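Participant: Before anything else, here's the structure in question.
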Amino acid sequence: MPKGDGFASRMGWTSKNIILCSIVHVMLGVLLAGCQVDSDDVQQWKGTVKGPTRLVAVIGSDRYPLELRTEAALAIVEMDRNDVDALALLKGALDDLRGEDAAASEAIVGGMIPRLEALLSEESDEAQSGPNPTQVRAKDAAYMVIPYAPEEVRDTLIRSVVGWYSADFEGRSLAGNYSAEQVTRALGADAAGMLVDALDEKMPPQAMLKIAEIIGEDGDEETKQRAGKRLVAIEKAMEKPSFVKWLASQIRESIEASGEEVNEKRVNSLALYNRENYITQGALPAMQYLGDQQVVSTRLLAIADTKPGENDGKAWVERLNARRATALKALEGHVSRAHLNRLLSIALDSSNSIEVRDYAFDRVGDIRSRKAIPRLWALVERSGCTAASCSASDKLSKRLRWRAGELVLSLGGPSTIEPFSQRLPVATGIQYEPEELEGYATRMSQMTPQPTSTVMTLLESQQWWNRVVALRYLERRGGEADIPAMKRLMSDEGEVSGEGWSELNPPVKKVGQVADAAIKALRTREQGDKK
């Protein structure tokens with residue numbers, strides 16, 4: 001609780017002095033020259049009821065030397081109180097003073113810097129959870145006073161604030177009134193550049209991600225280049241035995257602290273597991289924010305291209321494939337036609353895991369080049385499951401057919417619809433799941449210009465799956481004028497075949513049922529559009 005003011009009795013003032021100063025405090029909120037104030041008073045006021053108001057008065061009064069006014073400003077920062085908003089008081093005082101005497105406000109803030117830096121550099125108490133509250137206030141104050149500081153020392157303040165975050169980004173990034181992200185974005189490219197030095201292979205993955213995001217969004221080109229090189233170096237360092245050894249030491253210490261017996265085999269296994277987390281949840285995802293840097297995209301492609309050896313163990317193969325998939329995911333938005341053949345080779349290589357191939361297909365789609373289509377037709381023509389056979393290999397073929405089919409339609413546009421419908425396999429008992437045909441219809445509905453006239457011809461196709469695709473397209477893009485053609489298929493007895501049809505509500509066995517549902521959905525959509 002704030003203490004009572006013993007200032008008057010300590011100074012031996014007369015009753016007249018006391019009454020005069022009290023009136024001035026109440027009426028004007030300032031201290032007259034007759035009320036002598038020194039450093040001891042400033043320090044005592046940090047804990048008194050009226051102290052904050054008096055500290056503000058000292059800051060704004062030219063009756064006091066700059067050193068004392070600076071000390072008053074720092075005293076506001078150092079106050080450990082819940083009954084006042086210290087930083088709001090300080091900001092208000094500096095705003096008022098700058099309007100009257102800008103040079104004085106600059107001088108006061110310039111004088112605050114050494115003490116603020118000292119507070120920010122203090123060692124935190126290991127027993128304390130989270131950052132030191134005084135340090136947090138000092139950080140917030142250092143950031144807040146940057147606009148009031150002399151121009152020649154603003155960089156010093158910026159470095160102090162960003163450096164404080166960098167020392168423990170994970171623990172400090174959200175501390176106080178201003179987060180690291182808010183501060184960096186407000187201060188711009190210079191602050192983002194200072195965060196590059198904070199990147200370290202031993203920092204928590206989530207901290208690395210956030211720093212990379214901030215740099216990617218707010219850094220200038222030189223900063224991004226440095227950060228890109230730094231992330232690549234970090235990822236390579238994580239692959240070295242020394243990094244695994246460091247992780248093992250951390251795990252060993254944790255186990256010993258818990259009182260458990262240390263099993264070295266378990267320690268090494270956990271170290272390898274954690275190393276992969278640092279790579280696949282930290283370094284590689286962080287690279288996505290800087291994927292436009294050539295050094296980064298080159299490294300990500302190299303990882304994606306790294307196939308396991310014939311004699312590699314299952315555990316290593318799984319870890320490597322997880323890295324490859326994560327690298328391909330991180331390349332989103334950072335690939336070009338120059339990468340097309342390389343990515344297609346990964347996507348079409350049957351020895352690669354399905355996850356790796358899926359992400360490679362995604363990146364091929366990002367490039368938006370029709371040149372990919374010729375190499376995709378072979379997958380579109382795969383039979384997959386039939387009524388007679390649906391082995392694991394058949395299921396994979398079906399999945400790849402679906403993946404390649406949507407990609408062909410997406411890349412090829414309206415002119416691809418006719419050849420696509422002709423290349424879909426027609427083996428006896430061929431199966432198509434409803435989701436696969438929905439996917440084709442969706443891709444067609446996203447085309448520009450709308451290919452309605454082309455799709456209408458599929459209503460007359462000999463293959464039931466082409467008729468279903470056409471109905472599902474018209475459900476999304478058709479109009480009242482198309483309903484008569486759709487109605488002709490309501491009596492269609494063609495049987496659908498594939499997993500999932502019986503799970504629909506209601507279950508579907510015939511093309512005619514698809515036509516009926518499509519017409520109802522079209523009319524519901526049109527009624528909604530009119531409303």
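Chain labels follow the order of the structure tokens: the first chain is A, the next B, and so on; residue numbering restarts at 1 in every chain, and ligands are counted from 1 in their shown order.
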Report the residues of segment 389-454 of chain A whose backbone DSSP state falls under alpha helix (DSSP H), written as a PyMOL selection string.

Facilitator: chain A and resi 392-412+417-423+434-445+452-454

Participant: Neighbouring residues of Glu151 of chain A were defined as those with any atom within 12 Å, considering only C-alpha atoms; residues of the same chain fewer than 6 positions away were excluded. Please report them as a list of chain:residue names.

Facilitator: A:Ala103, A:Glu106, A:Ala107, A:Val109, A:Gly110, A:Val145, A:Leu157, A:Ile158

Participant: So the first atom is atom CA of Gly282 of chain A and the second is atom CA of Arg230 of chain A; what is the distance between them in Å, to one decimal place?

Facilitator: 13.1 Å

Participant: Just give me the gap between atom CA of Thr416 of chain A and atom CA of Ala470 of chain A in Å, one decimal is fine.

Facilitator: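 Between atom CA of Thr416 of chain A and atom CA of Ala470 of chain A the gap works out to 14.3 Å.
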
Participant: Please identify every residue of segment 502-528 of chain A that has at least one atom no farther than 9 Å from an atom of segment 480-492 of chain A, counting only C-alpha atoms, and for each give the shortest atom pair and the distance in Å to one decimal, arranged by chain then increasing number, as a Markdown table.

Facilitator:
| residue | atom | partner | partner_atom | distance |
| --- | --- | --- | --- | --- |
| A:Lys510 | CA | A:Asp492 | CA | 6.9 |
| A:Val511 | CA | A:Asp492 | CA | 5.6 |
| A:Gly512 | CA | A:Met490 | CA | 4.0 |
| A:Gln513 | CA | A:Met490 | CA | 6.5 |
| A:Val514 | CA | A:Met490 | CA | 7.8 |
| A:Ala515 | CA | A:Met490 | CA | 5.3 |
| A:Asp516 | CA | A:Met490 | CA | 5.8 |
| A:Ala518 | CA | A:Met486 | CA | 8.3 |
| A:Ile519 | CA | A:Ile483 | CA | 6.6 |
| A:Leu522 | CA | A:Glu480 | CA | 8.1 |
| A:Arg523 | CA | A:Glu480 | CA | 7.6 |
| A:Glu526 | CA | A:Glu480 | CA | 8.3 |

Participant: With C-alpha atoms retained, could you export that selection as a compact mmCIF listing (two decimals), in the first residue's frame?

Facilitator:
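Final output, saved to result30.txt:
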# COMPACT_ATOMS: atom_id res chain seq x y z
CA LYS A 510 -28.63 -45.35 -59.74
CA VAL A 511 -27.65 -42.32 -61.81
CA GLY A 512 -31.32 -41.30 -61.78
CA GLN A 513 -31.10 -40.68 -58.04
CA VAL A 514 -28.11 -38.39 -58.59
CA ALA A 515 -30.14 -36.45 -61.21
CA ASP A 516 -33.06 -36.02 -58.82
CA ALA A 518 -28.92 -32.42 -58.40
CA ILE A 519 -32.12 -30.79 -59.67
CA LEU A 522 -29.97 -26.43 -58.24
CA ARG A 523 -33.43 -25.05 -57.48
CA GLU A 526 -31.37 -20.40 -57.35

Participant: Name the residues in contact with segment 418-420 of chain A at a cut-off of 10 Å, using only C-alpha atoms, excluding same-chain residues fewer than 4 positions from it; report them as a CSV table (one decimal) with C-alpha atoms, in the first residue's frame.

Facilitator:
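Below is the file that was written, result-v9.csv:
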chain,number,residue,atom,x,y,z
A,377,TRP,CA,-2.3,-38.5,-68.2
A,380,VAL,CA,-5.6,-40.4,-65.0
A,381,GLU,CA,-5.8,-43.5,-67.1
A,405,GLY,CA,-7.4,-35.8,-62.6
A,408,VAL,CA,-5.3,-31.8,-65.1
A,409,LEU,CA,-8.7,-30.1,-65.0
A,412,GLY,CA,-6.0,-27.3,-68.4
A,414,PRO,CA,-12.4,-25.9,-70.4
A,424,LEU,CA,-10.9,-41.9,-67.6
A,440,TYR,CA,-13.9,-33.4,-60.9
A,454,THR,CA,-19.1,-28.6,-73.0
A,455,VAL,CA,-20.3,-30.3,-69.8
A,457,THR,CA,-22.5,-33.1,-73.7
A,458,LEU,CA,-21.4,-35.4,-70.9
A,466,ASN,CA,-19.3,-38.9,-66.8

Participant: As an exercise, work out the distance from atom CA of Met203 of chain A to atom CA of Gly171 of chain A in Å and give it to one decimal place.

Facilitator: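 Those two atoms sit 10.8 Å apart.
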
Participant: Would you pick out the contacts of Asp155 of chain A at 9 Å or less, using only C-alpha atoms, so that residues sharing its chain but fewer than 5 positions from it are not included, and give the list as an MDAnalysis selection string?

Facilitator: chainID A and resid 146 160 190

Participant: Name the closest residue to Ala73 of chain A among the candidates A:Val56, A:Ala192, A:Ala88, A:Ile354; distances are taken between atoms, counting only C-alpha atoms.

Facilitator: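 Once distances to Ala73 of chain A are computed over only C-alpha atoms, the minimum belongs to A:Val56.
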
Participant: List the neighbours of Thr386 of chain A out to 8 Å using only C-alpha atoms; skip same-chain residues closer than 5 positions along the sequence, and give me the result as a list in words.

Facilitator: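 Here the qualifying residues turn out to be Ala427, Thr428, Gly429, Ile430 and Gln431 of chain A.
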
Participant: Export C-alpha atoms of the chosen residues as a PDB file, in the first residue's frame?

Facilitator:
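Dumped to part.pdb:
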ATOM      1  CA  ALA A 427     -12.333 -51.334 -67.173  1.00  0.00           C
ATOM      2  CA  THR A 428     -15.042 -53.836 -66.350  1.00  0.00           C
ATOM      3  CA  GLY A 429     -16.444 -53.174 -62.890  1.00  0.00           C
ATOM      4  CA  ILE A 430     -14.515 -49.897 -62.572  1.00  0.00           C
ATOM      5  CA  GLN A 431     -15.300 -47.998 -59.372  1.00  0.00           C
TER       6      GLN A 431
END

Participant: Need the shell around Ala347 of chain A: protein/DNA/RNA residues with any atom at most 6 Å away, counting only C-alpha atoms. Skip same-chain ones fewer than 6 positions apart. Format as a list in words?

Facilitator: Arg357, Ala360 and Phe361 of chain A

Participant: Point out the residue among A:Glu181, A:Asp305, A:Glu253, A:Glu503 with the least atom-to-atom distance to Ala207 of chain A, counting only C-alpha atoms.

Facilitator: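 Using only C-alpha atoms, Ala207 of chain A sits closest to A:Glu181.
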
Participant: Quick one: residues within 10 Å of Val295 of chain A, only C-alpha atoms, excluding same-chain residues fewer than 6 positions away - as a PDB file with C-alpha atoms, in the first residue's frame?

Facilitator:
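Dumped to part24.pdb:
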ATOM      1  CA  GLN A 225      18.713 -12.546 -47.304  1.00  0.00           C
ATOM      2  CA  GLY A 228      17.408 -17.002 -45.178  1.00  0.00           C
ATOM      3  CA  LYS A 229      21.089 -17.896 -44.984  1.00  0.00           C
ATOM      4  CA  ARG A 230      20.860 -18.131 -41.221  1.00  0.00           C
ATOM      5  CA  LEU A 231      17.901 -20.547 -41.331  1.00  0.00           C
ATOM      6  CA  VAL A 232      19.658 -22.784 -43.842  1.00  0.00           C
TER       7      VAL A 232
END

Participant: Can you work out which one of A:Ala388, A:Leu331, A:Val183, A:Ala283 has the shortest atom-to-atom distance to Thr298 of chain A, counting only C-alpha atoms?

Facilitator: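 Nearest to Thr298 of chain A: A:Leu331.
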